[in-house]
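Colleague: Data: query_10.txt, compact mmCIF, C-alpha atoms.
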# COMPACT_ATOMS: atom_id res chain seq x y z
CA MET I 1117 -22.54 -14.71 4.27
CA MET I 1118 -25.11 -16.44 2.03
CA GLN I 1119 -24.01 -16.85 -1.59
CA LEU I 1120 -26.40 -17.31 -4.49
CA LYS I 1121 -25.63 -19.20 -7.66
CA PHE I 1122 -24.12 -16.39 -9.73
CA PRO I 1123 -21.07 -16.74 -11.99
CA LEU I 1124 -17.92 -16.51 -9.86
CA LEU I 1125 -16.03 -13.21 -9.93
CA HIS I 1126 -12.24 -13.23 -9.66
CA LYS I 1127 -11.44 -9.52 -9.26
CA PHE I 1128 -13.44 -6.38 -8.40
CA ARG I 1129 -11.94 -2.88 -8.58
CA LEU I 1130 -13.82 0.29 -7.59
CA ARG I 1131 -12.75 3.95 -7.80
CA CYS I 1132 -15.39 6.50 -6.76
CA ASP I 1133 -15.68 10.25 -6.25
CA LYS I 1134 -18.23 12.06 -4.08
CA ASP I 1135 -20.85 12.11 -6.85
CA HIS I 1136 -21.91 8.57 -5.97
CA GLU I 1137 -24.20 7.73 -3.06
CA PHE I 1138 -23.25 5.04 -0.57
CA SER I 1139 -26.39 3.05 -1.28
CA ILE I 1140 -25.24 2.54 -4.88
CA ILE I 1141 -21.61 1.87 -3.90
CA ASN I 1142 -22.69 -0.76 -1.40
CA GLU I 1143 -24.90 -2.42 -4.01
CA TRP I 1144 -21.87 -2.80 -6.27
CA ILE I 1145 -19.74 -4.21 -3.45
CA TYR I 1146 -22.51 -6.53 -2.26
CA ALA I 1147 -23.01 -7.85 -5.80
CA ALA I 1148 -19.31 -8.70 -6.00
CA LEU I 1149 -19.42 -10.46 -2.62
CA LEU I 1150 -22.42 -12.53 -3.70
CA ARG I 1151 -20.42 -13.81 -6.66
CA GLY I 1152 -17.61 -15.12 -4.46
CA VAL I 1153 -15.08 -12.43 -5.37
CA LYS I 1154 -11.46 -13.35 -4.59
CA GLU I 1155 -9.69 -10.01 -5.07
CA MET I 1156 -11.14 -6.62 -4.13
CA ASP I 1157 -9.55 -3.19 -4.65
CA ILE I 1158 -11.59 -0.24 -3.32
CA ASP I 1159 -10.47 3.38 -3.60
CA ILE I 1160 -12.95 5.76 -1.95
CA ILE I 1161 -10.55 8.03 -0.10
CA TRP I 1162 -13.31 10.33 1.15
CA ALA I 1163 -15.27 7.49 2.79
CA ASN I 1164 -15.17 5.82 6.21
CA THR I 1165 -15.47 2.03 6.24
CA ARG I 1166 -18.45 2.40 8.62
CA SER I 1167 -20.36 3.57 5.55
CA LEU I 1168 -19.52 0.41 3.63
CA THR I 1169 -21.39 -2.86 3.86
CA CYS I 1170 -20.24 -5.00 6.80
CA GLY I 1171 -20.23 -7.96 4.41
CA LEU I 1172 -16.85 -6.68 3.22
CA PHE I 1173 -15.34 -7.98 6.47
CA LYS I 1174 -17.24 -11.28 6.49
CA CYS I 1175 -16.22 -12.75 3.16
CA HIS I 1176 -14.85 -16.28 3.14
CA THR I 1177 -13.76 -16.14 -0.51
CA LEU I 1178 -11.59 -13.00 -0.30
CA THR I 1179 -7.87 -13.64 -0.70
CA VAL I 1180 -6.80 -10.08 -1.61
CA LEU I 1181 -8.19 -6.85 -0.11
CA LYS I 1182 -6.83 -3.39 -0.99
CA LEU I 1183 -8.45 -0.37 0.65
CA CYS I 1184 -7.95 3.36 0.24
CA VAL I 1185 -10.45 5.03 2.59
CA CYS I 1186 -10.25 8.04 4.90
CA ALA I 1187 -10.64 5.97 8.09
CA LEU I 1188 -10.71 2.30 9.01
CA ASP I 1189 -13.48 1.31 11.41
CA VAL I 1190 -13.74 -2.45 11.62
CA PRO I 1191 -17.13 -3.93 12.68
CA VAL I 1192 -17.51 -6.00 15.84
CA SER I 1193 -17.54 -9.27 13.91
CA VAL I 1194 -14.78 -9.91 11.34
CA GLN I 1195 -14.37 -13.15 9.39
CA LEU I 1196 -11.69 -13.22 6.69
CA PRO I 1197 -10.39 -16.78 7.00
CA ASN I 1198 -8.76 -16.93 3.53
CA LEU I 1199 -7.36 -13.41 3.22
CA LYS I 1200 -3.67 -13.57 2.25
CA VAL I 1201 -3.01 -10.01 1.00
CA LEU I 1202 -4.08 -6.82 2.79
CA HIS I 1203 -3.00 -3.37 1.57
CA LEU I 1204 -4.17 -0.15 3.25
CA ARG I 1205 -3.36 3.23 1.67
CA HIS I 1206 -4.02 6.82 2.82
CA THR I 1207 -6.14 5.43 5.65
CA LYS I 1208 -6.44 6.66 9.23
CA LEU I 1209 -5.74 3.72 11.50
CA LYS I 1210 -7.19 3.13 14.95
CA ASP I 1211 -5.63 0.87 17.59
CA LYS I 1212 -8.50 -1.51 18.26
CA SER I 1213 -9.73 -1.69 14.68
CA ILE I 1214 -6.39 -2.61 13.15
CA SER I 1215 -5.57 -5.17 15.87
CA LYS I 1216 -8.96 -6.79 15.41
CA LEU I 1217 -8.51 -6.92 11.64
CA PHE I 1218 -5.06 -8.57 11.87
CA SER I 1219 -6.24 -11.14 14.40
CA SER I 1220 -9.13 -12.08 12.11
CA CYS I 1221 -6.84 -12.97 9.19
CA PRO I 1222 -5.22 -16.27 10.25
CA VAL I 1223 -3.50 -16.92 6.89
CA LEU I 1224 -2.40 -13.34 6.11
CA GLU I 1225 0.94 -13.44 4.26
CA ASP I 1226 1.31 -9.99 2.66
CA LEU I 1227 0.60 -6.76 4.57
CA ALA I 1228 1.25 -3.21 3.34
CA LEU I 1229 0.47 0.07 5.13
CA LEU I 1230 1.15 2.96 2.74
CA SER I 1231 0.96 6.64 3.76
CA CYS I 1232 -1.51 5.86 6.53
CA LEU I 1233 -2.38 8.31 9.27
CA LEU I 1234 -1.60 7.39 12.87
CA GLU I 1235 -3.17 8.89 15.97
CA LYS I 1236 -0.98 10.30 18.74
CA LYS I 1237 0.38 7.63 21.08
CA TYR I 1238 -0.76 5.05 18.54
CA VAL I 1239 0.35 1.45 19.08
CA LEU I 1240 0.97 -0.25 15.75
CA ASN I 1241 0.91 -3.90 16.76
CA ILE I 1242 1.55 -6.39 13.97
CA SER I 1243 1.58 -9.91 15.33
CA ASN I 1244 0.88 -12.72 12.92
CA PRO I 1245 2.77 -16.03 12.61
CA ALA I 1246 1.67 -16.51 8.97
CA LEU I 1247 3.01 -13.15 7.75
CA LYS I 1248 5.76 -13.43 5.11
CA LYS I 1249 5.90 -9.93 3.58
CA LEU I 1250 5.52 -6.58 5.37
CA VAL I 1251 5.77 -3.13 3.77
CA LEU I 1252 5.44 0.03 5.90
CA LYS I 1253 5.91 3.30 3.99
CA ARG I 1254 5.48 6.92 5.07
CA ASN I 1255 3.01 6.22 7.87
CA GLY I 1256 2.47 9.11 10.29
CA ASP I 1257 4.91 12.00 10.74
CA TYR I 1258 7.62 12.97 13.23
CA LYS I 1259 5.08 14.67 15.51
CA VAL I 1260 3.24 11.39 16.08
CA ARG I 1261 5.02 9.49 18.84
CA TYR I 1262 3.81 6.02 18.08
CA THR I 1263 4.87 2.62 19.37
CA PHE I 1264 5.75 -0.15 16.93
CA VAL I 1265 5.38 -3.81 17.91
CA LEU I 1266 6.28 -6.58 15.46
CA ASP I 1267 6.02 -10.29 16.11
CA ALA I 1268 6.25 -12.16 12.82
CA PRO I 1269 8.62 -15.11 13.25
CA ASN I 1270 8.15 -16.35 9.65
CA LEU I 1271 8.61 -12.99 7.92
CA GLU I 1272 10.77 -13.24 4.78
CA TYR I 1273 10.62 -9.68 3.40
CA LEU I 1274 10.51 -6.41 5.35
CA GLU I 1275 10.42 -2.88 3.94
CA PHE I 1276 10.30 0.13 6.26
CA ALA I 1277 10.43 3.77 5.13
CA GLY I 1278 9.48 6.55 7.52
CA TYR I 1279 10.19 8.18 10.84
CA ILE I 1280 11.73 6.15 13.63
CA PRO I 1281 9.03 5.02 16.11
CA GLN I 1282 9.27 6.53 19.57
CA ARG I 1283 9.22 3.03 21.03
CA CYS I 1284 9.94 -0.21 19.27
CA THR I 1285 9.61 -3.89 20.17
CA VAL I 1286 10.60 -6.22 17.34
CA LYS I 1287 11.16 -9.91 17.87
CA LYS I 1288 13.84 -11.64 15.84
CA MET I 1289 12.77 -12.88 12.44
CA HIS I 1290 14.54 -16.18 11.86
CA SER I 1291 13.29 -16.61 8.27
CA LEU I 1292 14.09 -13.06 7.11
CA PHE I 1293 15.71 -13.05 3.67
CA GLU I 1294 15.51 -9.41 2.54
CA ALA I 1295 15.08 -6.10 4.38
CA ARG I 1296 14.96 -2.53 3.04
CA VAL I 1297 15.20 0.27 5.61
CA GLU I 1298 14.96 4.03 5.18
CA PHE I 1299 14.76 6.18 8.32
CA GLU I 1300 13.56 9.76 7.84
CA THR I 1301 15.86 12.36 9.40
CA ASN I 1302 14.56 15.81 8.36
CA HIS I 1303 13.73 16.97 11.87
CA GLY I 1304 15.81 17.94 14.89
CA GLY I 1305 14.98 14.97 17.10
CA VAL I 1306 17.55 12.59 15.61
CA SER I 1307 20.51 12.94 17.98
CA PRO I 1308 22.28 10.69 20.51
CA GLU I 1309 20.67 12.71 23.32
CA ASN I 1310 17.26 11.39 22.24
CA LEU I 1311 17.57 8.06 24.06
CA ALA I 1312 14.05 6.93 23.12
CA LEU I 1313 14.78 7.17 19.38
CA LYS I 1314 18.23 5.69 19.82
CA ASN I 1315 16.86 2.68 21.72
CA SER I 1316 14.05 2.27 19.21
CA ALA I 1317 16.37 2.31 16.19
CA THR I 1318 18.77 -0.07 17.93
CA GLU I 1319 15.95 -2.52 18.69
CA PHE I 1320 14.80 -2.40 15.06
CA VAL I 1321 18.23 -2.98 13.51
CA TYR I 1322 19.24 -5.71 15.93
CA ALA I 1323 16.06 -7.64 15.05
CA LEU I 1324 17.37 -7.92 11.45
CA SER I 1325 20.39 -10.00 12.44
CA ASN I 1326 19.27 -13.05 10.40
CA VAL I 1327 18.80 -11.14 7.13
CA ARG I 1328 20.58 -12.30 3.97
CA SER I 1329 20.01 -9.29 1.69
CA LEU I 1330 19.98 -5.79 3.21
CA HIS I 1331 19.24 -2.40 1.62
CA LEU I 1332 20.11 0.67 3.73
CA SER I 1333 19.26 4.03 2.18
CA ASN I 1334 21.40 7.15 2.52
CA TYR I 1335 18.81 8.52 4.97
CA PHE I 1336 19.26 5.44 7.12
CA THR I 1337 23.03 5.85 7.33
CA GLN I 1338 22.53 9.53 8.11
CA ALA I 1339 20.19 8.73 11.02
CA PHE I 1340 22.39 5.87 12.22
CA SER I 1341 25.51 8.04 12.33
CA ARG I 1342 23.68 10.85 14.15
CA LEU I 1343 22.33 8.47 16.79
CA LYS I 1344 25.77 6.84 17.17
CA ILE I 1345 24.50 3.27 17.07
CA GLN I 1346 26.71 0.23 16.57
CA PHE I 1347 25.76 -2.52 14.15
CA PRO I 1348 25.03 -6.02 15.49
CA GLU I 1349 26.52 -9.16 14.00
CA TYR I 1350 24.99 -10.22 10.66
CA PRO I 1351 26.25 -13.81 10.31
CA LYS I 1352 24.03 -14.66 7.30
CA LEU I 1353 24.29 -11.41 5.30
CA ILE I 1354 25.59 -12.02 1.77
CA LYS I 1355 24.29 -8.99 -0.17
CA LEU I 1356 24.26 -5.31 0.80
CA GLU I 1357 22.97 -2.21 -0.99
CA TYR I 1358 24.18 0.85 0.85
CA GLY I 1359 23.59 4.58 0.48
CA ILE I 1360 26.11 7.14 1.73
CA GLU I 1361 24.80 10.63 2.48
CA GLU I 1362 27.49 11.95 4.82
CA LYS I 1363 31.19 11.28 5.28
CA THR I 1364 30.44 9.24 8.40
CA GLY I 1365 28.59 6.81 6.14
CA CYS I 1366 31.96 5.43 5.01
CA THR I 1367 32.90 4.68 8.61
CA LEU I 1368 29.59 2.88 9.11
CA LEU I 1369 30.17 0.84 5.95
CA GLN I 1370 33.52 -0.36 7.19
CA ASP I 1371 31.98 -1.22 10.57
CA LEU I 1372 29.24 -3.15 8.81
CA LEU I 1373 31.79 -5.13 6.81
CA LYS I 1374 33.45 -6.24 10.03
CA CYS I 1375 30.08 -7.43 11.38
CA SER I 1376 29.20 -9.44 8.24
CA PRO I 1377 31.69 -12.28 7.70
CA GLN I 1378 29.70 -13.89 4.82
CA LEU I 1379 29.10 -10.65 2.90
CA ASP I 1380 30.49 -10.88 -0.64
CA THR I 1381 28.33 -8.52 -2.76
CA VAL I 1382 28.03 -4.77 -2.14
CA ALA I 1383 26.22 -2.11 -4.17
CA LEU I 1384 27.06 1.49 -3.22
CA ASN I 1385 25.24 4.72 -3.93
CA PHE I 1386 26.79 8.00 -2.78
CA ASN I 1387 27.18 11.65 -3.78
CA ASN I 1388 30.94 12.25 -3.70
CA HIS I 1389 31.20 11.45 -0.02
CA PHE I 1390 33.22 8.24 -0.08
CA VAL I 1391 36.06 9.03 2.33
CA PRO I 1392 37.64 5.85 3.71
CA ARG I 1393 39.35 5.85 7.08
CA GLU I 1394 43.05 6.55 7.18
CA HIS I 1395 43.71 3.50 9.33
CA ILE I 1396 41.75 0.54 8.04
CA PRO I 1397 42.25 -2.99 9.41
CA ALA I 1398 44.15 -5.15 6.96
CA GLY I 1399 41.96 -7.40 4.85
CA ILE I 1400 38.63 -5.73 5.66
CA TRP I 1401 37.74 -5.62 1.94
CA ASP I 1402 39.03 -9.12 1.18
CA GLN I 1403 35.65 -10.81 1.63
CA LEU I 1404 34.10 -8.90 -1.29
CA ARG I 1405 33.76 -10.69 -4.61
CA VAL I 1406 31.28 -8.36 -6.31
CA VAL I 1407 31.05 -4.56 -5.99
CA LYS I 1408 28.54 -2.32 -7.79
CA ARG I 1409 28.73 1.46 -8.00
CA ILE I 1410 25.23 2.86 -8.55
CA GLU I 1411 24.88 6.25 -10.31
CA TYR I 1412 28.52 6.38 -11.35
CA THR I 1413 29.53 9.85 -12.59
CA GLY I 1414 33.11 9.28 -13.68
CA ASP I 1415 34.38 12.46 -11.97
CA GLU I 1416 37.55 12.65 -9.87
CA GLU I 1417 35.82 11.65 -6.64
CA ASP I 1418 34.33 8.59 -8.29
CA LEU I 1419 37.68 7.59 -9.75
CA LYS I 1420 39.23 7.84 -6.29
CA PHE I 1421 36.61 5.41 -5.04
CA VAL I 1422 37.23 2.98 -7.93
CA LYS I 1423 40.99 3.07 -7.36
CA TYR I 1424 40.59 2.58 -3.63
CA ILE I 1425 38.41 -0.53 -4.01
CA LEU I 1426 40.48 -2.08 -6.79
CA ARG I 1427 43.69 -1.64 -4.82
CA ASN I 1428 42.33 -3.02 -1.55
CA ALA I 1429 39.93 -5.86 -2.49
CA ASN I 1430 42.24 -8.84 -2.97
CA VAL I 1431 39.65 -11.42 -4.07
CA LEU I 1432 37.34 -9.16 -6.09
CA GLU I 1433 35.93 -10.91 -9.17
CA ARG I 1434 33.62 -8.29 -10.65
CA PHE I 1435 33.35 -4.51 -10.37
CA SER I 1436 30.34 -3.08 -12.21
CA LEU I 1437 29.66 0.62 -12.72
CA HIS I 1438 26.13 1.82 -13.46
CA PRO I 1439 26.32 5.39 -14.82
CA LYS I 1440 23.96 8.08 -13.58
CA LEU I 1441 23.41 9.23 -17.16
CA LYS I 1442 23.40 7.17 -20.33
CA MET I 1443 26.77 7.22 -22.09
CA THR I 1444 27.51 7.73 -25.75
CA THR I 1445 29.75 5.17 -27.40
CA LYS I 1446 32.68 7.61 -27.25
CA GLN I 1447 32.13 8.27 -23.53
CA TYR I 1448 31.86 4.55 -22.89
CA MET I 1449 35.16 3.82 -24.67
CA THR I 1450 36.92 6.66 -22.83
CA ALA I 1451 35.68 5.47 -19.45
CA THR I 1452 36.58 1.85 -20.17
CA ASN I 1453 40.10 2.75 -21.31
CA LYS I 1454 40.69 4.92 -18.24
CA LEU I 1455 39.48 2.22 -15.87
CA SER I 1456 41.57 -0.49 -17.52
CA THR I 1457 44.81 1.29 -16.51
CA ILE I 1458 44.06 1.18 -12.79
CA ARG I 1459 46.18 -1.26 -10.79
CA ARG I 1460 44.18 -4.09 -9.22
CA ALA I 1461 44.91 -6.18 -6.15
CA SER I 1462 42.93 -9.03 -7.72
CA SER I 1463 44.29 -10.12 -11.09
CA SER I 1464 41.02 -11.92 -11.94
CA CYS I 1465 38.82 -8.87 -11.40
CA LYS I 1466 36.67 -7.76 -14.37
CA ILE I 1467 35.42 -4.18 -14.70
CA VAL I 1468 32.07 -3.78 -16.44
CA VAL I 1469 30.40 -0.46 -17.33
CA TYR I 1470 26.62 -0.34 -17.88
CA PRO I 1471 24.92 0.65 -20.07
CA VAL I 1472 26.76 1.05 -23.38
Show me, as structure tokens, the structure contained in the file I just sent.
Modeller:
Amino acid sequence: MMQLKFPLLHKFRLRCDKDHEFSIINEWIYAALLRGVKEMDIDIIWANTRSLTCGLFKCHTLTVLKLCVCALDVPVSVQLPNLKVLHLRHTKLKDKSISKLFSSCPVLEDLALLSCLLEKKYVLNISNPALKKLVLKRNGDYKVRYTFVLDAPNLEYLEFAGYIPQRCTVKKMHSLFEARVEFETNHGGVSPENLALKNSATEFVYALSNVRSLHLSNYFTQAFSRLKIQFPEYPKLIKLEYGIEEKTGCTLLQDLLKCSPQLDTVALNFNNHFVPREHIPAGIWDQLRVVKRIEYTGDEEDLKFVKYILRNANVLERFSLHPKLKMTTKQYMTATNKLSTIRRASSSCKIVVYPV
């Protein structure tokens, strides 16, 4: 694209309603492109990208592109050689268009698909060796049986929230540092009899085996327990944030501890469902040095949990409690005094309550 000698433009942001004609909108976009814009954020949710200037997909200066349009139709020729960040929101995706767009971004590092619409039997294929961060949130619904393919060997951060794909092919990510997973479960298809979903979820979770920091929501543990899937080995995992929605979530947690020999920090969030097994292998909690209880209530069920951990974690150094509601000074003192009387397996363990 030919560029004239205009002052360079760093960032261009556009929000439009239906009162504006495309001829005017495209003039604004074209003017930004002529000035060598680096970051572009366009929110025209009622528009199809076919209505936008094709120069948007042939810009050599663009490093950040954020689009919120009703449908993504990529032109035949795409040239985005310096694009590093691509975010698509509330956009209907099409197989060929999205694959073409990804393949035309050789240095893409940060990709986010947020509340995008997927066609039936859609194949979401994300293959890019430069990709370092991937966020997929609330794309499609449980009626859309889509296939998910991920080949990003240098990915460092992965966040997935949504329904389990009908089919899943995910190659191992050797550089993965942090992963956050939340599987939706509010439909009847999540059961061990659904072999397609079970195999898909298993493929996804096993591909995370190199992760160091893992966040599993309460919905994830609910889906995992319903599908009756076993955890793989996580030899590098050192930090876990874990949500417990059902009683079986406690069993899964203990299984996960056995699969994670380097794990030493755990943050737990549950709603009075922490019910440890009656017969627990000796020393299963001994690897933990830091435990956090998120949304601590201080009720009897919570105190049972605190007592259980303190009496079974022999090398625990720090146990922090983060109250669900802000405490008054009197409530803080009462809670602290009550906790200080609990017997501890680790004499060096400190109990900290936040906030004061």
Colleague: Find the smallest box with edges along x, y and z containing every listed atom of segment 1353-1362 of chain I, then add 5 Å on each side and report centre and edge lengths in Å to one decimal, as AutoDock Vina command-line options.
Modeller:
--center_x 25.2 --center_y 0.0 --center_z 2.2 --size_x 14.5 --size_y 34.0 --size_z 16.3
Colleague: Taking 2 positions as the minimum chain separation for residues in the same chain, which residues sit within 9 Å of Ile1160 of chain I when counting only C-alpha atoms? Answer as a PyMOL selection string.
Modeller: chain I and resi 1130-1134+1158+1162-1164+1183-1186
Colleague: Near Gln1195 of chain I, counting all atoms listed in the file, which residues have an atom at most 9 Å away, once you skip same-chain residues fewer than 4 positions from it, shown as a ChimeraX atom specification?
Modeller: /I:1173-1176,1217,1220-1221
Colleague: Kindly save the residues from that selection, with C-alpha atoms included, as a short mmCIF file (atom, residue, chain, number, x, y, z; two decimals), in the frame of the given file.
Modeller:
data_model
loop_
_atom_site.label_atom_id
_atom_site.label_comp_id
_atom_site.auth_asym_id
_atom_site.auth_seq_id
_atom_site.Cartn_x
_atom_site.Cartn_y
_atom_site.Cartn_z
CA PHE I 1173 -15.34 -7.98 6.47
CA LYS I 1174 -17.24 -11.28 6.49
CA CYS I 1175 -16.22 -12.75 3.16
CA HIS I 1176 -14.85 -16.28 3.14
CA LEU I 1217 -8.51 -6.92 11.64
CA SER I 1220 -9.13 -12.08 12.11
CA CYS I 1221 -6.84 -12.97 9.19
#
Colleague: Starting from the point (31.7, -14.8, -1.5), work out which residues of protein, DNA or RNA have an atom no more than 8 Å away when counting all atoms listed in the file; state them as JSON, numbers by chain.
Modeller: {"I": [1354, 1378, 1379, 1380, 1381, 1403, 1404, 1405]}
Colleague: Could the residues in this selection be written to a file with C-alpha atoms, as a PDB file, in the coordinates of the input?
Modeller:
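Generated file (part_15.pdb):
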ATOM      1  CA  ILE I1354      25.590 -12.020   1.770  1.00  0.00           C
ATOM      2  CA  GLN I1378      29.700 -13.890   4.820  1.00  0.00           C
ATOM      3  CA  LEU I1379      29.100 -10.650   2.900  1.00  0.00           C
ATOM      4  CA  ASP I1380      30.490 -10.880  -0.640  1.00  0.00           C
ATOM      5  CA  THR I1381      28.330  -8.520  -2.760  1.00  0.00           C
ATOM      6  CA  GLN I1403      35.650 -10.810   1.630  1.00  0.00           C
ATOM      7  CA  LEU I1404      34.100  -8.900  -1.290  1.00  0.00           C
ATOM      8  CA  ARG I1405      33.760 -10.690  -4.610  1.00  0.00           C
TER       9      ARG I1405
END
Colleague: State, in Å with one decimal place, the distance from atom CA of Tyr1279 of chain I to atom CA of Glu1225 of chain I.
Modeller: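 Straight-line distance from atom CA of Tyr1279 of chain I to atom CA of Glu1225 of chain I works out to 24.4 Å.
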Colleague: So how far away is atom CA of Asp1226 of chain I from atom CA of Asn1241 of chain I, in Å?
Modeller: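 A separation of 15.4 Å between them.
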Colleague: How far is it from atom CA of Arg1129 of chain I to atom CA of Ala1228 of chain I, in Å with one decimal?
Modeller: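 One can read the atom CA of Arg1129 of chain I to atom CA of Ala1228 of chain I distance as 17.8 Å.
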